[in-house]
Amino acid sequence: MDLGIAGRKAIVCASSRGLGKACALALAGEGVAVVINGLDADRLGAAAEEIRAATGAIVTPVRADINTSEGREALIAACPSADILVNNNAGPPPGKFQDWDEAAWMGALRANMLAPIFMIRALLPGMRARKFGRIVNITSAMVTSPKFADMGLSTSARLGLTGVSKSLSREVAADNVTINNILPERIDTDRQKFMAERMMKAQGITMEEARRQIASSLPARRFGETKEFGDTCAFLCAAQSGFLTGQNIHLDGGSYEGIV
């Protein structure tokens, strides 16, 4: 299926590895020129080379911290007329409510709510003027199913972004600009390795057993693949997806228990 976005330009935040890299790779495979972002220069350069080699697309790496105004400005300067924006950022570590002081809360809000909001704010006027824009926020399954108190920092900040995005999506839909969220759970990335390591220490089990327990908790009985995630993102950015907006797309192996 031709997604109709060849020749478009995209900024994919936090994309030197993991879910962001999967999205950049999928978009590049559709002929999109992608700007990728990260903090580790070596890893960022390697990701750019990998995506170029796999797709032949134009790939521009930008080393920048999107939690800062300077970092966001550098990223936007590399592609000021982006047609596609994929917001992604590392989440805060799990913890205990009583341990989260003001600095912890402000850090979570800065990374997982304010940074993506400011990226949207900068690029949205151009998208509306050109009558094409696709914005995808990578959030978390915890936004609609806040099952674990230790994920409260991430859940709260991403829920704020979800609320802003929903209200904006209604305002900009007539300009062929869509805003959607992908809610991952148990996609096989370094984040899942980290969660398995926590389980190993807490239960005194092997990595293999920790991963088995995690996978068996999902109806699909397996981890999600990063390619599945990237391809879902690319579809949300397709020319054919202009009528799909303001939605939370669960990519979680069937773990979401709600109806709506």
# chains A, B, ... in the order shown; residues from 1 in each chain; ligands from 1
>>> residues_around(residues="A:Thr232", least_positions_apart="3", cutoff="12 Å", atoms="only C-alpha atoms", output="ChimeraX atom specification")
/A:3,19,22-27,136,138,180-184,224-229,235-238,241,249-251
>>> closest_atom_pairs(of="stretch 122-183 of chain A", to="stretch 73-77 of chain A", cutoff="12 Å", atoms="only C-alpha atoms", output="tab-separated table")
residue	atom	partner	partner_atom	distance
A:Ala122	CA	A:Ile76	CA	7.8
A:Leu123	CA	A:Ile76	CA	7.9
A:Leu124	CA	A:Ile76	CA	11.6
A:Gly126	CA	A:Ile76	CA	11.8
>>> select_by_dssp(residues="stretch 92-145 of chain A", states="strand (DSSP E)", output="count of residues only")
6
>>> residues_around(residues="stretch 86-93 of chain A", least_positions_apart="6", cutoff="9 Å", atoms="only C-alpha atoms", output="PyMOL selection string")
chain A and resi 10-15+19-20+23-24+66-67+104+107-108+111-112+115-117+119-120+134-139+150-151+153-154+233
>>> residues_around(residues="A:Ala196", least_positions_apart="3", cutoff="7 Å", atoms="only C-alpha atoms", output="ChimeraX atom specification")
/A:192-193,199-200,207,210-211
>>> write_last_selection(atoms="N, CA and C atoms", output="mmCIF file, in the first residue's frame")
data_model
loop_
_atom_site.group_PDB
_atom_site.id
_atom_site.type_symbol
_atom_site.label_atom_id
_atom_site.label_comp_id
_atom_site.auth_asym_id
_atom_site.auth_seq_id
_atom_site.Cartn_x
_atom_site.Cartn_y
_atom_site.Cartn_z
ATOM 1 N N GLN A 192 12.010 -2.444 27.901
ATOM 2 C CA GLN A 192 11.545 -3.731 28.409
ATOM 3 C C GLN A 192 12.673 -4.516 29.059
ATOM 4 N N LYS A 193 13.884 -4.341 28.573
ATOM 5 C CA LYS A 193 15.033 -4.957 29.231
ATOM 6 C C LYS A 193 15.195 -4.389 30.631
ATOM 7 N N MET A 199 12.505 -6.739 37.595
ATOM 8 C CA MET A 199 11.797 -7.935 38.044
ATOM 9 C C MET A 199 12.790 -8.993 38.519
ATOM 10 N N MET A 200 13.901 -9.128 37.806
ATOM 11 C CA MET A 200 14.928 -10.093 38.204
ATOM 12 C C MET A 200 15.413 -9.814 39.628
ATOM 13 N N MET A 207 16.750 -13.592 33.705
ATOM 14 C CA MET A 207 16.206 -12.714 32.668
ATOM 15 C C MET A 207 15.188 -13.466 31.817
ATOM 16 N N ALA A 210 11.976 -13.683 33.702
ATOM 17 C CA ALA A 210 11.331 -12.373 33.786
ATOM 18 C C ALA A 210 10.634 -12.033 32.477
ATOM 19 N N ARG A 211 11.306 -12.273 31.371
ATOM 20 C CA ARG A 211 10.692 -11.991 30.076
ATOM 21 C C ARG A 211 9.499 -12.913 29.812
#
>>> atom_distance(atom1="atom CA of A:Gly242", atom2="atom CA of A:Ala28")
19.7 Å
